[in-house]
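Chemist: What follows is run.txt, compact mmCIF, C-alpha atoms.
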# COMPACT_ATOMS: atom_id res chain seq x y z
CA MET U 1 0.00 0.00 0.00
CA LYS U 2 2.81 2.40 0.87
CA ASP U 3 4.50 1.83 -2.47
CA ALA U 4 1.22 2.39 -4.33
CA LEU U 5 0.72 5.69 -2.49
CA LEU U 6 4.23 6.81 -3.38
CA ILE U 7 3.61 6.04 -7.04
CA LEU U 8 0.28 7.88 -6.92
CA THR U 9 2.01 10.83 -5.28
CA GLY U 10 4.55 10.78 -8.09
CA TYR U 11 1.76 10.98 -10.64
CA LEU U 12 0.09 13.89 -8.83
CA LEU U 13 3.38 15.77 -8.59
CA GLY U 14 3.99 15.20 -12.28
CA SER U 15 0.47 16.38 -13.06
CA MET U 16 1.16 19.86 -11.74
CA PRO U 17 1.05 21.79 -15.05
CA TRP U 18 3.39 24.66 -14.28
CA GLY U 19 3.63 25.47 -17.96
CA TYR U 20 -0.11 26.13 -17.91
CA TRP U 21 -0.39 27.70 -14.46
CA LEU U 22 2.46 30.24 -14.59
CA PRO U 23 1.43 31.88 -17.90
CA ARG U 24 -2.16 32.05 -16.59
CA ILE U 25 -1.10 33.64 -13.31
CA LEU U 26 1.61 35.98 -14.57
CA LYS U 27 0.39 36.92 -18.06
CA GLY U 28 -3.24 35.83 -18.24
CA VAL U 29 -2.34 33.64 -21.24
CA ASN U 30 -3.72 30.20 -22.02
CA ILE U 31 -0.53 28.57 -23.24
CA ARG U 32 -2.50 25.77 -24.91
CA LYS U 33 -3.82 28.29 -27.43
CA VAL U 34 -0.49 29.80 -28.46
CA GLY U 35 2.61 28.45 -30.11
CA SER U 36 2.67 24.67 -30.33
CA GLY U 37 -0.07 24.35 -27.70
CA SER U 38 2.25 22.41 -25.43
CA THR U 39 2.44 23.21 -21.72
CA GLY U 40 6.16 22.47 -21.73
CA ALA U 41 8.91 24.92 -20.90
CA ALA U 42 10.12 25.24 -24.51
CA ASN U 43 6.76 26.50 -25.77
CA VAL U 44 6.47 28.90 -22.83
CA TRP U 45 9.99 30.17 -23.53
CA ARG U 46 9.32 30.72 -27.23
CA THR U 47 5.99 32.48 -26.73
CA LEU U 48 6.36 34.35 -23.43
CA GLY U 49 10.07 34.83 -22.93
CA PHE U 50 13.09 33.49 -21.13
CA LYS U 51 12.14 34.28 -17.53
CA ILE U 52 8.80 32.48 -17.46
CA GLY U 53 10.19 29.65 -19.59
CA LEU U 54 13.08 29.17 -17.18
CA GLY U 55 10.68 29.19 -14.23
CA VAL U 56 8.56 26.48 -15.84
CA ALA U 57 11.65 24.40 -16.66
CA LEU U 58 12.94 24.58 -13.08
CA LEU U 59 9.55 23.68 -11.62
CA ASP U 60 9.18 20.76 -14.05
CA ILE U 61 12.63 19.50 -13.07
CA ALA U 62 11.76 19.94 -9.39
CA LYS U 63 8.53 17.92 -9.60
CA GLY U 64 10.30 15.05 -11.35
CA SER U 65 13.06 15.05 -8.74
CA ALA U 66 10.59 15.28 -5.86
CA ALA U 67 8.58 12.31 -7.13
CA ALA U 68 11.64 10.11 -7.58
CA LEU U 69 13.27 11.19 -4.31
CA LEU U 70 10.14 10.44 -2.27
CA GLY U 71 9.99 6.97 -3.76
CA LEU U 72 13.72 6.48 -3.30
CA TRP U 73 13.78 7.54 0.34
CA LEU U 74 10.60 5.81 1.46
CA GLY U 75 10.45 2.78 -0.81
CA GLY U 76 13.87 2.09 -2.30
CA GLU U 77 15.38 2.41 -5.76
CA PHE U 78 12.76 0.46 -7.69
CA VAL U 79 9.88 2.40 -6.12
CA GLY U 80 11.79 5.61 -6.81
CA LEU U 81 11.99 4.59 -10.45
CA LEU U 82 8.26 3.79 -10.61
CA ALA U 83 7.34 7.05 -8.87
CA GLY U 84 9.51 8.92 -11.36
CA ILE U 85 7.81 7.18 -14.28
CA ALA U 86 4.44 8.08 -12.74
CA ALA U 87 5.56 11.72 -12.71
CA LEU U 88 6.31 11.46 -16.43
CA VAL U 89 2.84 10.06 -17.05
CA GLY U 90 1.38 12.92 -15.01
CA HIS U 91 3.30 15.50 -17.01
CA TRP U 92 2.17 13.88 -20.26
CA ARG U 93 -1.52 13.70 -19.22
CA PRO U 94 -2.09 15.97 -16.18
CA VAL U 95 -5.16 15.26 -14.07
CA PHE U 96 -5.34 18.96 -13.13
CA ILE U 97 -6.19 19.96 -16.70
CA GLY U 98 -8.54 17.09 -17.40
CA PHE U 99 -5.99 14.60 -18.76
CA SER U 100 -5.51 16.75 -21.86
CA ARG U 101 -2.12 16.90 -23.57
CA GLY U 102 0.59 18.27 -21.35
CA GLY U 103 4.15 19.00 -22.23
CA LYS U 104 6.99 17.01 -23.66
CA ILE U 105 8.67 15.17 -20.84
CA VAL U 106 12.22 16.48 -21.33
CA ALA U 107 12.55 18.66 -18.19
CA THR U 108 10.60 16.29 -15.95
CA THR U 109 12.67 13.36 -17.19
CA GLY U 110 15.76 15.37 -16.33
CA GLY U 111 14.42 15.86 -12.81
CA VAL U 112 13.81 12.13 -12.35
CA ALA U 113 17.29 11.31 -13.66
CA LEU U 114 18.79 13.98 -11.38
CA ALA U 115 17.30 12.23 -8.36
CA LEU U 116 18.47 8.76 -9.37
CA VAL U 117 21.75 9.42 -11.18
CA PRO U 118 22.72 12.93 -10.06
CA LEU U 119 26.36 13.08 -11.20
CA ALA U 120 25.60 11.72 -14.66
CA THR U 121 22.65 14.08 -15.03
CA LEU U 122 24.70 17.12 -14.01
CA ALA U 123 27.32 16.16 -16.56
CA ALA U 124 24.64 15.76 -19.24
CA ALA U 125 23.20 19.15 -18.22
CA ALA U 126 26.61 20.73 -18.81
CA VAL U 127 26.60 19.15 -22.28
CA TRP U 128 23.11 20.58 -22.88
CA ILE U 129 24.28 24.08 -21.98
CA CYS U 130 27.32 23.84 -24.25
CA ALA U 131 25.26 22.46 -27.13
CA PHE U 132 22.62 25.15 -26.72
CA LEU U 133 25.19 27.96 -26.60
CA ALA U 134 26.80 26.55 -29.74
CA THR U 135 23.61 26.00 -31.76
CA ARG U 136 20.88 28.08 -30.06
CA TYR U 137 18.47 25.18 -30.60
CA THR U 138 16.93 23.50 -27.54
CA SER U 139 16.05 20.47 -29.67
CA VAL U 140 19.66 19.89 -30.69
CA ALA U 141 20.88 20.44 -27.13
CA SER U 142 18.32 17.95 -25.78
CA MET U 143 19.27 15.27 -28.29
CA VAL U 144 22.99 15.68 -27.67
CA SER U 145 22.60 15.56 -23.89
CA ALA U 146 20.25 12.57 -24.20
CA VAL U 147 22.97 10.67 -26.03
CA THR U 148 25.59 11.48 -23.39
CA LEU U 149 23.46 10.72 -20.31
CA PRO U 150 23.73 6.90 -20.46
CA LEU U 151 27.43 7.21 -21.24
CA PHE U 152 27.99 9.25 -18.09
CA ALA U 153 25.74 6.91 -16.08
CA SER U 154 27.76 3.89 -17.18
CA THR U 155 30.93 5.40 -15.69
CA ALA U 156 29.33 6.79 -12.52
CA PRO U 157 29.23 4.76 -9.27
CA THR U 158 25.50 3.94 -9.47
CA SER U 159 23.48 0.75 -9.15
CA PRO U 160 22.23 -1.10 -12.24
CA VAL U 161 18.66 -0.01 -11.44
CA CYS U 162 19.63 3.66 -11.49
CA SER U 163 21.66 3.19 -14.66
CA ALA U 164 18.58 1.63 -16.27
CA VAL U 165 16.55 4.78 -15.70
CA ALA U 166 19.31 6.88 -17.24
CA ARG U 167 19.16 4.82 -20.42
CA THR U 168 15.37 5.05 -20.49
CA ALA U 169 15.46 8.80 -19.81
CA SER U 170 17.90 9.20 -22.67
CA SER U 171 15.72 7.29 -25.14
CA CYS U 172 12.57 9.17 -24.09
CA GLY U 173 14.22 12.58 -24.35
CA GLY U 174 15.73 11.79 -27.73
CA LEU U 175 12.46 10.47 -29.16
CA ARG U 176 10.54 13.50 -27.91
CA ARG U 177 12.98 15.85 -29.57
CA LEU U 178 12.80 13.91 -32.82
CA GLY U 179 9.05 14.39 -32.81
CA ALA U 180 8.06 10.84 -31.80
CA GLU U 181 5.65 10.42 -28.93
CA PRO U 182 6.67 7.47 -26.72
CA SER U 183 3.60 6.63 -24.67
CA PRO U 184 3.81 6.18 -20.88
CA ALA U 185 3.02 2.50 -21.43
CA ALA U 186 6.14 2.18 -23.57
CA VAL U 187 8.17 4.04 -20.96
CA ILE U 188 6.92 1.73 -18.20
CA VAL U 189 7.59 -1.45 -20.18
CA ASN U 190 11.03 -0.22 -21.21
CA SER U 191 12.04 0.82 -17.70
CA GLY U 192 10.49 -2.25 -16.10
CA ALA U 193 12.35 -4.63 -18.38
CA ARG U 194 15.66 -2.90 -17.81
CA SER U 195 15.14 -2.70 -14.06
CA ALA U 196 14.14 -6.36 -13.88
CA ARG U 197 17.39 -7.30 -15.62
CA ALA U 198 19.30 -5.01 -13.28
CA THR U 199 17.61 -6.52 -10.22
CA ALA U 200 18.37 -10.02 -11.46
CA TRP U 201 22.02 -9.00 -11.77
CA VAL U 202 22.14 -7.47 -8.27
CA ARG U 203 20.48 -10.26 -6.26
CA PRO U 204 23.04 -13.04 -6.92
CA SER U 205 25.84 -10.74 -5.80
CA LEU U 206 23.94 -9.94 -2.62
CA VAL U 207 23.48 -13.61 -1.91
CA GLN U 208 27.16 -14.37 -2.50
CA ASN U 209 28.28 -11.56 -0.21
CA ARG U 210 25.85 -12.45 2.56
CA PRO U 211 27.70 -13.86 5.66
Show me this structure written as structure tokens.
Modeler:
Amino acid sequence: MKDALLILTGYLLGSMPWGYWLPRILKGVNIRKVGSGSTGAANVWRTLGFKIGLGVALLDIAKGSAAALLGLWLGGEFVGLLAGIAALVGHWRPVFIGFSRGGKIVATTGGVALALVPLATLAAAAVWICAFLATRYTSVASMVSAVTLPLFASTAPTSPVCSAVARTASSCGGLRRLGAEPSPAAVIVNSGARSARATAWVRPSLVQNRP
């Protein structure tokens, strides 16, 4: 029951549509009727400016991190992963705006990865900044950083479960930026399969090391 509540909390945190709320509160704008219609930070940035876009991006990162951290602290790595995935589902189809289309899950995915593989995510974030400064395209920066995230995760001192979420986060972010729409079901299956393999790899070592 506790794990289910943590996953539900992750979904509710992810459902907080800051890209819809902030433009409404600060500018009186319905972001779903301007630009691409997305509630993501990139659309807010393009249509309403850097400051509000940055605020949305930071809040989207924060909600992803909060969901994964709650699961990680109170339920362990696997529950943290599931709570993070639930946050992605919430961002994609927020309950607070009637399950209508939310934003692309790039920033929220970054928040989940930051909670589970922080060093690798910070390194990938530095790559994003460099790529954006060089090209001035958020799409290019997102794809480049998505490619580097699993590479950094593979060299960082993290568990196989956490490395699995980095690979999944990378694939989701890259597909989003290429215009594909990986459904939450695909994200869950992908992450679950990778985490199951990681768990199977971890358990024999725990048994061998047990006194």
Chemist: Starting from the point (22.5, 10.9, -20.7), work out which residues of protein, DNA or RNA have an atom no more than 7 Å away when counting only C-alpha atoms; state them as a PyMOL selection string.
Modeler: chain U and resi 120-121+124+145-153+166-167+170
Chemist: Could you tell me how far CA of Ala42 (chain U) sits from CA of Ala107 (chain U), in Å to one decimal place?
Modeler: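 So the two atoms, CA of Ala107 (chain U) and CA of Ala42 (chain U), lie 9.4 Å apart.
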Chemist: For Ala4 (chain U), which residue out of U:Gly75, U:Gly55, U:Gly28, U:Gly19 is the nearest one, using all atoms listed in the file?
Modeler: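 Answer, going by the shortest atom-to-atom distance: U:Gly75.
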Chemist: So, with only C-alpha atoms as the atoms that count, which of U:Phe78, U:Trp92, U:Phe50, U:Phe132 lies closest to Pro17 (chain U)?
Modeler: U:Trp92
Chemist: Sorted by chain and rising residue number, which residues of region 82-127 of chain U lie within 10 Å of region 60-69 of chain U, and what are their closest atom pairs and distances in Å to one decimal, counting all atoms listed in the file, as a tab-separated table?
Modeler:
residue	atom	partner	partner_atom	distance
U:Leu82	CA	U:Ala68	CA	7.8
U:Ala83	CA	U:Ala68	CA	5.4
U:Gly84	CA	U:Ala68	CA	4.5
U:Ile85	CA	U:Ala68	CA	8.3
U:Ala86	CA	U:Ala67	CA	8.2
U:Ala87	CA	U:Gly64	CA	6.0
U:Leu88	CA	U:Gly64	CA	7.4
U:Gly90	CA	U:Gly64	CA	9.9
U:His91	CA	U:Asp60	CA	8.4
U:Gly103	CA	U:Asp60	CA	9.8
U:Ile105	CA	U:Asp60	CA	8.8
U:Val106	CA	U:Ile61	CA	8.8
U:Ala107	CA	U:Ile61	CA	5.2
U:Thr108	CA	U:Ile61	CA	4.8
U:Thr109	CA	U:Gly64	CA	6.5
U:Gly110	CA	U:Ile61	CA	6.1
U:Gly111	CA	U:Ile61	CA	4.1
U:Val112	CA	U:Gly64	CA	4.7
U:Ala113	CA	U:Ser65	CA	7.5
U:Leu114	CA	U:Ser65	CA	6.4
U:Ala115	CA	U:Ser65	CA	5.1
U:Leu116	CA	U:Ala68	CA	7.2
U:Pro118	CA	U:Ser65	CA	10.0
Chemist: Excluding Pro23 (chain U) and any residue of its chain fewer than 2 positions from it, enumerate the residues within 10 Å of it, using all atoms listed in the file, and give them as number ranges by chain.
Modeler: U: 18-21, 25-31, 39, 44, 47-48, 52-53, 56
Chemist: Mind pulling up the distance from CA of Leu13 (chain U) to CA of Met143 (chain U)?
Modeler: 25.3 Å
Chemist: How many Å separate CA of Val34 (chain U) from CA of Ser142 (chain U)?
Modeler: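 Separation between CA of Val34 (chain U) and CA of Ser142 (chain U): 22.4 Å.
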Chemist: Between U:Gly10, U:Met16, U:Tyr137, U:Asp3, single out the one closest to Ile97 (chain U), counting all atoms listed in the file.
Modeler: U:Met16
Chemist: Out of U:Trp73, U:Leu22, U:Gly80, U:Cys130, which residue has the shortest atom-to-atom distance to Leu54 (chain U) when counting all atoms listed in the file?
Modeler: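 Of U:Trp73, U:Leu22, U:Gly80, U:Cys130, the one nearest Leu54 (chain U), counting all atoms listed in the file, is U:Leu22.
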